[in-house]
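Printed here is work.cif (mmCIF, C-alpha atoms and all ligand atoms):
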```cif
data_structure
#
loop_
_atom_site.label_atom_id
_atom_site.label_comp_id
_atom_site.auth_asym_id
_atom_site.auth_seq_id
_atom_site.Cartn_x
_atom_site.Cartn_y
_atom_site.Cartn_z
CA MET A 87 0.00 0.00 0.00
CA THR A 88 2.99 2.27 -0.04
CA GLU A 89 3.89 1.95 -3.69
CA LEU A 90 4.81 4.93 -5.76
CA CYS A 91 2.58 6.19 -8.51
CA GLN A 92 4.72 5.51 -11.54
CA ASN A 93 2.27 7.17 -13.86
CA LEU A 94 2.29 10.44 -11.95
CA SER A 95 5.00 13.00 -12.30
CA CYS A 96 5.77 15.97 -10.14
CA LEU A 97 6.43 19.46 -11.47
CA PRO A 98 8.07 19.84 -14.89
CA GLY A 99 11.74 19.03 -14.60
CA CYS A 100 11.34 17.07 -11.36
CA HIS A 101 11.72 13.33 -11.78
CA THR A 102 11.23 12.37 -8.16
CA PRO A 103 8.39 9.85 -7.83
CA VAL A 104 5.09 10.95 -6.34
CA PRO A 105 4.09 8.87 -3.29
CA ARG A 106 0.53 7.56 -3.14
CA GLU A 107 -0.23 9.89 -0.22
CA LEU A 108 0.41 12.86 -2.48
CA GLU A 109 -1.44 11.55 -5.52
CA ALA A 110 -4.03 14.31 -5.30
CA GLU A 111 -1.37 17.01 -5.13
CA ARG A 112 0.78 15.37 -7.82
CA LEU A 113 3.89 16.44 -5.96
CA CYS A 114 6.96 14.64 -4.69
CA VAL A 115 7.66 14.92 -0.97
CA LEU A 116 10.12 17.79 -1.35
CA HIS A 117 7.89 19.85 -3.61
CA TYR A 118 4.91 19.17 -1.36
CA ILE A 119 6.85 20.43 1.63
CA LEU A 120 7.95 23.52 -0.27
CA SER A 121 4.38 24.28 -1.30
CA VAL A 122 3.16 23.83 2.28
CA GLU A 123 5.88 26.14 3.61
CA ARG A 124 4.95 28.76 1.04
CA ALA A 125 1.24 28.50 1.81
CA CYS A 126 1.91 28.64 5.55
CA SER A 127 4.04 31.75 5.39
CA GLY A 128 1.30 33.53 3.44
CA MET A 129 -1.34 32.46 5.93
CA ARG A 130 0.88 33.34 8.87
CA ARG A 131 1.17 36.88 7.52
CA GLU A 132 -2.59 37.04 7.11
CA THR A 133 -3.21 35.97 10.69
CA ALA A 134 -0.43 38.19 12.06
CA ILE A 135 -1.86 41.37 10.56
CA GLY A 136 -5.39 40.26 11.41
CA ALA A 137 -6.51 40.36 7.78
CA SER A 138 -8.51 37.17 7.98
CA ASN A 139 -12.21 37.03 8.76
CA THR A 140 -13.92 34.21 10.63
CA GLU A 141 -14.49 32.20 7.48
CA ARG A 142 -10.88 32.50 6.41
CA GLN A 143 -9.72 31.63 9.92
CA SER A 144 -11.65 28.38 9.84
CA GLU A 145 -10.26 27.68 6.37
CA ILE A 146 -6.75 28.12 7.69
CA GLY A 147 -7.58 25.97 10.71
CA SER A 148 -8.72 23.11 8.56
CA TYR A 149 -5.76 23.56 6.22
CA VAL A 150 -3.42 23.12 9.20
CA LYS A 151 -5.28 20.03 10.33
CA THR A 152 -5.49 18.25 6.98
CA THR A 153 -1.94 19.17 6.03
CA ALA A 154 -0.54 17.89 9.33
CA GLU A 155 -2.44 14.63 8.85
CA LYS A 156 -1.23 14.23 5.30
CA LEU A 157 2.31 15.09 6.25
CA SER A 158 2.30 12.51 9.02
CA HIS A 159 1.20 9.88 6.49
CA VAL A 160 3.97 10.96 4.15
CA ALA A 161 6.46 10.76 7.02
CA VAL A 162 5.62 7.30 8.31
CA VAL A 163 3.64 5.50 5.58
CA SER A 164 5.43 6.52 2.40
CA PRO A 165 8.66 4.84 1.38
CA PRO A 166 11.49 5.83 3.73
CA LEU A 167 12.64 9.42 3.45
CA SER A 168 16.20 10.64 3.33
CA ASP A 169 17.59 12.25 6.49
CA GLU A 170 17.42 15.62 4.79
CA LEU A 171 13.72 15.15 3.99
CA LYS A 172 12.99 13.92 7.52
CA LYS A 173 14.45 17.17 8.84
CA ARG A 174 12.36 19.16 6.41
CA VAL A 175 9.22 17.27 7.44
CA LEU A 176 9.88 18.14 11.08
CA THR A 177 10.49 21.77 10.22
CA THR A 178 7.22 21.84 8.32
CA PHE A 179 5.38 20.39 11.33
CA LEU A 180 6.86 23.20 13.39
CA THR A 181 5.67 25.71 10.79
CA LEU A 182 2.17 24.24 10.97
CA MET A 183 2.15 24.37 14.78
CA ASN A 184 3.30 27.98 14.75
CA LEU A 185 0.62 28.87 12.21
CA ARG A 186 -1.96 27.22 14.42
CA GLU A 187 -0.79 29.29 17.39
CA SER A 188 -0.80 32.45 15.35
CA LEU A 189 -4.32 31.61 14.18
CA ASP A 190 -5.45 31.06 17.76
CA ARG A 191 -4.11 34.45 18.75
CA SER A 192 -5.81 36.18 15.85
CA THR A 193 -9.07 34.34 16.57
CA ARG A 194 -8.95 35.59 20.17
CA ARG A 195 -8.24 39.13 18.98
CA SER A 196 -11.04 39.22 16.45
CA ALA A 197 -13.58 37.54 18.74
CA PRO A 198 -13.55 39.28 22.12
CA LYS A 199 -16.93 37.82 22.97
CA PRO A 200 -16.54 34.26 24.22
CA VAL A 201 -17.99 32.02 21.55
CA ALA A 202 -17.83 28.35 22.38
CA THR A 203 -16.65 27.18 18.99
CA ARG A 204 -13.48 25.39 19.98
CA PRO A 205 -12.98 22.67 22.55
CA SER A 206 -11.21 23.86 25.65
CA VAL A 207 -8.48 21.31 25.03
CA ALA A 208 -7.23 23.48 22.18
CA HIS A 209 -6.79 26.36 24.61
CA ALA A 210 -5.04 24.09 27.07
CA LEU A 211 -2.65 22.92 24.37
CA ALA A 212 -1.95 26.45 23.19
CA ALA A 213 -1.37 27.56 26.77
CA SER A 214 0.95 24.68 27.57
CA ALA A 215 2.95 25.40 24.43
CA GLY A 216 4.28 28.41 26.31
CA ARG A 217 5.02 31.95 25.18
ZN ZN A 301 9.13 17.22 -7.24
#
```
Could you render the structure from this file as structure tokens?
Amino acid sequence: MTELCQNLSCLPGCHTPVPRELEAERLCVLHYILSVERACSGMRRETAIGASNTERQSEIGSYVKTTAEKLSHVAVVSPPLSDELKKRVLTTFLTLMNLRESLDRSTRRSAPKPVATRPSVAHALAASAGR
């Protein structure tokens, strides 16, 4: 179940095989990570300057969640990664966690009224993450 999709190719000029987990994205692990990093830095800016509305915030929240899940599949289900890629995967997880924190802060800023939309465990996690 971890075979590579021989019929799928990544970006033009990249001949690295696309793992099954990234079939939908049609990207190799490295290019997937690069695209996630790029997307995250854009979203991080959005949340930092408070440009995102509630709808966008929940979009970003679900992006973080689905991307982290996908990335964890890539990390442990796909064929073994090189040490360099493992490091990049970890860095990308950190990026996702930081984006999540930044999103939480911007959600708190933009919603001063307590709205019970998120489980309290999320707050506990954010609080225990320090800073
Ligand atoms: Zn590629």
I'd like a table as JSON lines: residues in chain A with an atom no more than 7 Å from ligand ZN 301 (chain A), each row giving the shortest atom pair and its distance in Å to one decimal, all atoms listed in the file counted, sorted by chain and rising residue number.
```
{"residue": "A:Cys96", "atom": "CA", "partner": "A:ZN301", "partner_atom": "ZN", "distance": 4.6}
{"residue": "A:Leu97", "atom": "CA", "partner": "A:ZN301", "partner_atom": "ZN", "distance": 5.5}
{"residue": "A:Cys100", "atom": "CA", "partner": "A:ZN301", "partner_atom": "ZN", "distance": 4.7}
{"residue": "A:His101", "atom": "CA", "partner": "A:ZN301", "partner_atom": "ZN", "distance": 6.5}
{"residue": "A:Thr102", "atom": "CA", "partner": "A:ZN301", "partner_atom": "ZN", "distance": 5.4}
{"residue": "A:Leu113", "atom": "CA", "partner": "A:ZN301", "partner_atom": "ZN", "distance": 5.5}
{"residue": "A:Cys114", "atom": "CA", "partner": "A:ZN301", "partner_atom": "ZN", "distance": 4.2}
{"residue": "A:Val115", "atom": "CA", "partner": "A:ZN301", "partner_atom": "ZN", "distance": 6.8}
{"residue": "A:Leu116", "atom": "CA", "partner": "A:ZN301", "partner_atom": "ZN", "distance": 6.0}
{"residue": "A:His117", "atom": "CA", "partner": "A:ZN301", "partner_atom": "ZN", "distance": 4.7}
```
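Using only C-alpha atoms, the set of residues no farther than 9 Å from the position (6.7, 24.1, 3.3) comprises A:Leu116, A:His117, A:Tyr118, A:Ile119, A:Leu120, A:Ser121, A:Val122, A:Glu123, A:Arg124, A:Ala125, A:Cys126, A:Ser127, A:Arg174, A:Val175, A:Thr177, A:Thr178, A:Phe179, A:Thr181, A:Leu182.
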Using all atoms listed in the file, can you list as number ranges by chain the residues within 12 Å of (-7.2, 29.6, 7.2)? A: 125-134, 136-153, 182, 185-186, 188-190, 192-193
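Taking atom CA of Leu108 of chain A and atom CA of Leu180 of chain A as endpoints, the distance between them is 20.0 Å.
The interatomic distance for the pair atom CA of Lys172 of chain A and atom CA of Pro105 of chain A works out to 14.9 Å.
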12 Å contact set for Val162 of chain A, all atoms listed in the file, chain neighbours under 3 positions out, as a VMD selection string: chain A and resid 88 105 107 155 to 159 165 to 167 172 175 to 176
One-decimal distance in Å that lies between atom CA of Val104 of chain A and atom CA of Val163 of chain A: 13.2 Å
